[in-house]
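Below: the structure, in structure tokens.
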2 protein chains.
Amino acid sequence: MNIPASEYKRVVIIGGGFGGLNLAKALRNKKIQVLMLDKNNYHTFQPLLYQVATSGLEPDSIAYPIRKIFKSYQNFFFRMAAVEEIDAVQKVVKTDIGEVGYDYLVIATGTTTNFFGMKGVEKHAMTMKTVSEALDLRSLILQNFEKALLANEEEQESYMNFPIVGGGPTGVELAGALAELKNHILPTDYPDLDIARMKIQVIEMQDELLKPMSEKASAKALAYLEELGVNVMLNKSVSSFDGKKLSFQSGEVLESKTLIWAAGVKGNVINGLSDEVINRGRYIVDRSSKVKDYDSIYAVGDIAYMETDLYPNGLPQVAPVANQQGIFLAKNLLNLEDGKETKAFEYKDQGSMATIGRNRAVVDIGKIQFQGTIAWFVWMFIHLISLVGFRNRVITFFNWTYNYFSFDKGARLIIRKYKRDR
Amino acid sequence: MNIPASEYKRVVIIGGGFGGLNLAKALRNKKIQVLMLDKNNYHTFQPLLYQVATSGLEPDSIAYPIRKIFKSYQNFFFRMAAVEEIDAVQKVVKTDIGEVGYDYLVIATGTTTNFFGMKGVEKHAMTMKTVSEALDLRSLILQNFEKALLANEEEQESYMNFPIVGGGPTGVELAGALAELKNHILPTDYPDLDIARMKIQVIEMQDELLKPMSEKASAKALAYLEELGVNVMLNKSVSSFDGKKLSFQSGEVLESKTLIWAAGVKGNVINGLSDEVINRGRYIVDRSSKVKDYDSIYAVGDIAYMETDLYPNGLPQVAPVANQQGIFLAKNLLNLEDGKETKAFEYKDQGSMATIGRNRAVVDIGKIQFQGTIAWFVWMFIHLISLVGFRNRVITFFNWTYNYFSFDKGARLIIRKYKRDR
């Protein structure tokens, strides 16, 4: 890989998610060369992927070209590459486009879907961790209704069932958006189908939705989903899925052509580091984000496992941790370059929130908890300002305003048909 | 295919392009049942596909869900289906989702790319007739620059050559948009590449660009492209392309990894009708749009070959003909239902136009011809109001305004990598 020579040391960042992005931004035009590697040429705002999947937004609203973000940075380089291995002895990263040396390496690869070893689920279920997966899900949802039109009564239900496994923010927000489609859009799009027979299920192993949030938020999220006609099943575990039948550990069976899997994640671990430094799929890091037992290798965001004073069991895998760790690591790397001591990171919890259809959201900010329309506006405002770039904010804002007043979602396009059973 | 029974006769429209769309709209809630078949669930505004290919617009700006257009029509039905054969004796259309009977059949299938029998071109060249093809082209353009970064000097040029075959509106508009990318966006996106070495070629067999337009328009289009740094080659024919080398009939060779083929179209003819009624890939129709030798079968738009008083050699294959024929055929079908005579169609030429980068366009409206900034604003206005739906117009308008003032194009995302050699 031919990266221009530099008088400064080189930090290689693997991954252009929240952690990598904020680290690189905080190193803007500092005395260090930054090389970011990502298999995509864009940053994805993952919290809104479910809106791409439900025809509310197009990819350009929530994805942002990495080169565009950093176009005025003198010390920043980008290569679209998939990293295959880390050689910590030679201080080299091996990728599908060649090798590159590093002085500092930052692993910010995030997570991928965890199927917990269930092969049938892995083969047949839909996931929503990437733009491409969200577009596939959008196509499949629409294709299901086109197919339901041609099917007999029994098969129709099977096409119109949308079980979502996982009652975290992804599952809850997706269920709310699907319910909006059911209640406002599909009946006029498919006048010759009885859309009332469409069923959305949220299946959660634990005894409440949105487990890490307040009890009030969990209860309200459940009530909101039920108001919207979503069937929430708590304390329920999936045992298998074969593309036609979803089986539960209780022995029950649900006939469904579709299964949406939002039940868990696992770290995108890279070959090359010792298993000793990996704790349940995450790199164990100290308070400076340095990976245990390795010099010059760091990890931030969902892929990092960091215990702190306030979080003795590890920090949560959420975007704000990644953002804060990225910015903090930049300072620590510059400290090292200046011969200073590194400092210890502590996470500042700014709260969490989830939206459930129009006019409904739940917000926890420390001890302050509120729900309903005001929470929904807060949710929209926070997500809008968190998007990268003026253009994306305006387009998203227009789409949301349009969707709100017209009860419509414009992007219900099957651009690439989804072929079942990859 | 289970279409609800109706007391009225059924017209089956194959294709949701300009012709089919306007026909169905003009039959709104009339005493006739309308069934539209299309292999996509959306209408494509083809004149702006080149902006999707060059990262200016996302698909939802130029594609519109067919079900949404017709959601308030009582007599309209849609099925997403690929038509395989017409049985004119049984009056049945055979599709990949089953058969359906018709009383009137309207073929509005438009055209596809014509490679004129050149197998290598067909295998390796990029086309731009569908949203999916435009997205592939967008991915490939961006991938080429990512690859050029890794290549040696000679190979770099090969990745940065963009020969476009065909000097019609598609080729000219695409070349202009590529030149804008070259002049304003790529140099900051790829600071470690010498973008000045990127070359855009327009290759045209005939002796001028935009042949059907006025001489003034053709000359000005040539001048505009040359101002933008595009290399226009007139009187030049391609003989072959193997994915690496583009060979001309003159014997010259251009090293290029990419070839964009906008050189010609052929009708999407459907199996089942006699070869006697096909003239160079188009169904021969009378002035009522009825296909020669067949009762109850009609054709409109690019797929129809109609000679009129003003156009003894056949009408041009352009959107306004399709629009007008669709509306006119609706009246004729209703006349037939009322036991009246059909009327003879005549095309009203409303002019033609093409845009060449920012602030530059050529417009012919009858004897009135003008070029430059005013023409460019006219082009934008006409295209904006021609888009289907308020939402698409607003999003496109915002994107154009944003692009204009920021010299930026937001959608340069490689969502699905394009794999060479399908």
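By convention in this document, the chains of the structure tokens carry letters A, B, ... by their order, each chain's residues are numbered from 1, and ligands are numbered from 1 in the order they are shown.
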Wanna dump the range 164-212 of chain A-range 315-334 of chain A contacts at 12 Å for me, each residue with its shortest atom pair and the distance in Å to one decimal, counting only C-alpha atoms, ordered by chain and number, as CSV?
residue,atom,partner,partner_atom,distance
A:Gly168,CA,A:Val318,CA,11.7
A:Pro169,CA,A:Val318,CA,10.7
A:Thr170,CA,A:Val318,CA,11.9
A:Pro212,CA,A:Pro316,CA,9.2
Near-Asn399 in chain B list (9 Å; only C-alpha atoms; drop same-chain fewer than 3 positions) as a PyMOL selection string: (chain A and resi 391+395) or (chain B and resi 56-57+394-396+402-404+409-410)
Please, which residues in chain A fall within 6 Å of chain B when counting only C-alpha atoms, and what is the closest atom pair and distance in Å to one decimal for each, ordered by chain then residue number, as JSON lines?
{"residue": "A:Asp60", "atom": "CA", "partner": "B:Ala411", "partner_atom": "CA", "distance": 5.4}
{"residue": "A:Arg67", "atom": "CA", "partner": "B:Asp189", "partner_atom": "CA", "distance": 5.3}
{"residue": "A:Lys71", "atom": "CA", "partner": "B:Thr188", "partner_atom": "CA", "distance": 5.7}
{"residue": "A:Thr188", "atom": "CA", "partner": "B:Lys71", "partner_atom": "CA", "distance": 5.6}
{"residue": "A:Asp189", "atom": "CA", "partner": "B:Arg67", "partner_atom": "CA", "distance": 5.3}
{"residue": "A:Ala411", "atom": "CA", "partner": "B:Asp60", "partner_atom": "CA", "distance": 5.4}
Secondary structure check, helix (DSSP H, G or I) residues of range 95-303 of chain B, as JSON, numbers by chain: {"B": [119, 120, 121, 122, 123, 124, 131, 132, 133, 134, 135, 136, 137, 138, 139, 140, 141, 142, 143, 144, 145, 146, 147, 148, 153, 154, 155, 156, 157, 158, 159, 169, 170, 171, 172, 173, 174, 175, 176, 177, 178, 179, 180, 181, 182, 183, 184, 185, 186, 187, 188, 189, 195, 196, 197, 215, 216, 217, 218, 219, 220, 221, 222, 223, 224, 225, 226, 227, 275, 276, 277, 301, 302, 303]}
Among the residues A:Met205, A:Leu228, A:Asn335, A:Asp302, the one that comes closest to Ser250 in chain A [using only C-alpha atoms]: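 Answer, going by the shortest atom-to-atom distance: A:Met205.
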Surrounding residues of Lys290 in chain B excluding itself and chain neighbours under 3 positions, 12 Å, only C-alpha atoms, as a ChimeraX atom specification: /B:104-107,277,283-287,293-300,304-306,325,328-329,332-333,342-345
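Here CA of Leu209 in chain B and CA of Trp261 in chain B stand 15.2 Å from one another.
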For Tyr159 in chain B: contacts at 7 Å, only C-alpha atoms, fewer than 3 positions along chain excluded, given as a VMD selection string: chain B and resid 144 to 145 148 155 to 156 256 to 257
d(CA of Val172 in chain A, CA of Lys419 in chain A) in Å: 25.8 Å
Residues of range 316-376 of chain B in strand (DSSP E), written as a CSV table (one decimal) with N, CA and C atoms, in the first residue's frame:
chain,number,residue,atom,x,y,z
B,352,SER,N,-36.7,19.9,-27.6
B,352,SER,CA,-35.8,19.0,-26.9
B,352,SER,C,-34.6,19.8,-26.3
B,353,MET,N,-34.0,19.2,-25.4
B,353,MET,CA,-32.9,19.9,-24.6
B,353,MET,C,-32.0,18.9,-24.0
B,354,ALA,N,-30.8,19.5,-23.7
B,354,ALA,CA,-29.8,18.6,-23.0
B,354,ALA,C,-28.9,19.6,-22.2
B,355,THR,N,-28.5,19.1,-21.1
B,355,THR,CA,-27.6,19.9,-20.2
B,355,THR,C,-26.2,19.4,-20.2
B,361,ALA,N,-26.5,24.5,-21.0
B,361,ALA,CA,-27.5,23.6,-21.6
B,361,ALA,C,-27.9,24.1,-23.0
B,362,VAL,N,-28.5,23.2,-23.8
B,362,VAL,CA,-28.9,23.6,-25.1
B,362,VAL,C,-30.4,23.3,-25.2
B,363,VAL,N,-31.2,24.2,-25.8
B,363,VAL,CA,-32.6,24.1,-25.9
B,363,VAL,C,-33.1,24.4,-27.3
B,364,ASP,N,-33.9,23.5,-27.9
B,364,ASP,CA,-34.5,23.8,-29.2
B,364,ASP,C,-36.0,23.7,-28.9
B,365,ILE,N,-36.8,24.8,-29.2
B,365,ILE,CA,-38.2,24.7,-29.1
B,365,ILE,C,-38.7,25.2,-30.4
B,368,ILE,N,-37.2,28.3,-32.1
B,368,ILE,CA,-36.5,29.0,-31.0
B,368,ILE,C,-35.4,28.2,-30.5
B,369,GLN,N,-34.2,28.7,-30.6
B,369,GLN,CA,-33.0,27.9,-30.1
B,369,GLN,C,-32.2,28.8,-29.2
B,370,PHE,N,-31.9,28.3,-28.0
B,370,PHE,CA,-31.0,29.1,-27.1
B,370,PHE,C,-30.2,28.2,-26.3
B,371,GLN,N,-29.0,28.7,-25.8
B,371,GLN,CA,-28.1,27.9,-25.1
B,371,GLN,C,-27.5,28.7,-23.9
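With CA of Asp103 in chain B on one side and CA of Val12 in chain B on the other, the separation reads 7.8 Å.
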Close residues, Ala219 in chain B itself excluded, 12 Å, only C-alpha atoms, min 3 positions apart in chain, as JSON, numbers by chain: {"B": [207, 208, 209, 210, 211, 213, 214, 215, 216, 222, 223, 224, 225, 226, 232, 234, 361, 362, 370, 371]}
Would you save the residues from that selection as a PDB file, in the first residue's frame, using C-alpha atoms?
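selection_36.pdb was written with the following content:
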ATOM      1  CA  ASP B 207     -20.401  13.880 -37.583  1.00  0.00           C
ATOM      2  CA  GLU B 208     -22.086  15.777 -34.758  1.00  0.00           C
ATOM      3  CA  LEU B 209     -23.400  15.414 -31.224  1.00  0.00           C
ATOM      4  CA  LEU B 210     -27.150  15.454 -30.435  1.00  0.00           C
ATOM      5  CA  LYS B 211     -27.935  14.656 -34.069  1.00  0.00           C
ATOM      6  CA  MET B 213     -31.300  18.707 -32.465  1.00  0.00           C
ATOM      7  CA  SER B 214     -30.477  21.920 -34.331  1.00  0.00           C
ATOM      8  CA  GLU B 215     -27.001  22.509 -35.764  1.00  0.00           C
ATOM      9  CA  LYS B 216     -26.568  25.350 -33.297  1.00  0.00           C
ATOM     10  CA  LEU B 222     -19.483  20.202 -28.560  1.00  0.00           C
ATOM     11  CA  ALA B 223     -18.016  23.523 -27.466  1.00  0.00           C
ATOM     12  CA  TYR B 224     -19.342  23.119 -23.910  1.00  0.00           C
ATOM     13  CA  LEU B 225     -17.920  19.623 -23.551  1.00  0.00           C
ATOM     14  CA  GLU B 226     -14.532  20.781 -24.812  1.00  0.00           C
ATOM     15  CA  VAL B 232     -15.065  14.493 -28.188  1.00  0.00           C
ATOM     16  CA  LEU B 234     -16.714  12.395 -34.013  1.00  0.00           C
ATOM     17  CA  ALA B 361     -27.522  23.603 -21.613  1.00  0.00           C
ATOM     18  CA  VAL B 362     -28.929  23.642 -25.141  1.00  0.00           C
ATOM     19  CA  PHE B 370     -31.014  29.099 -27.123  1.00  0.00           C
ATOM     20  CA  GLN B 371     -28.059  27.937 -25.077  1.00  0.00           C
TER      21      GLN B 371
END
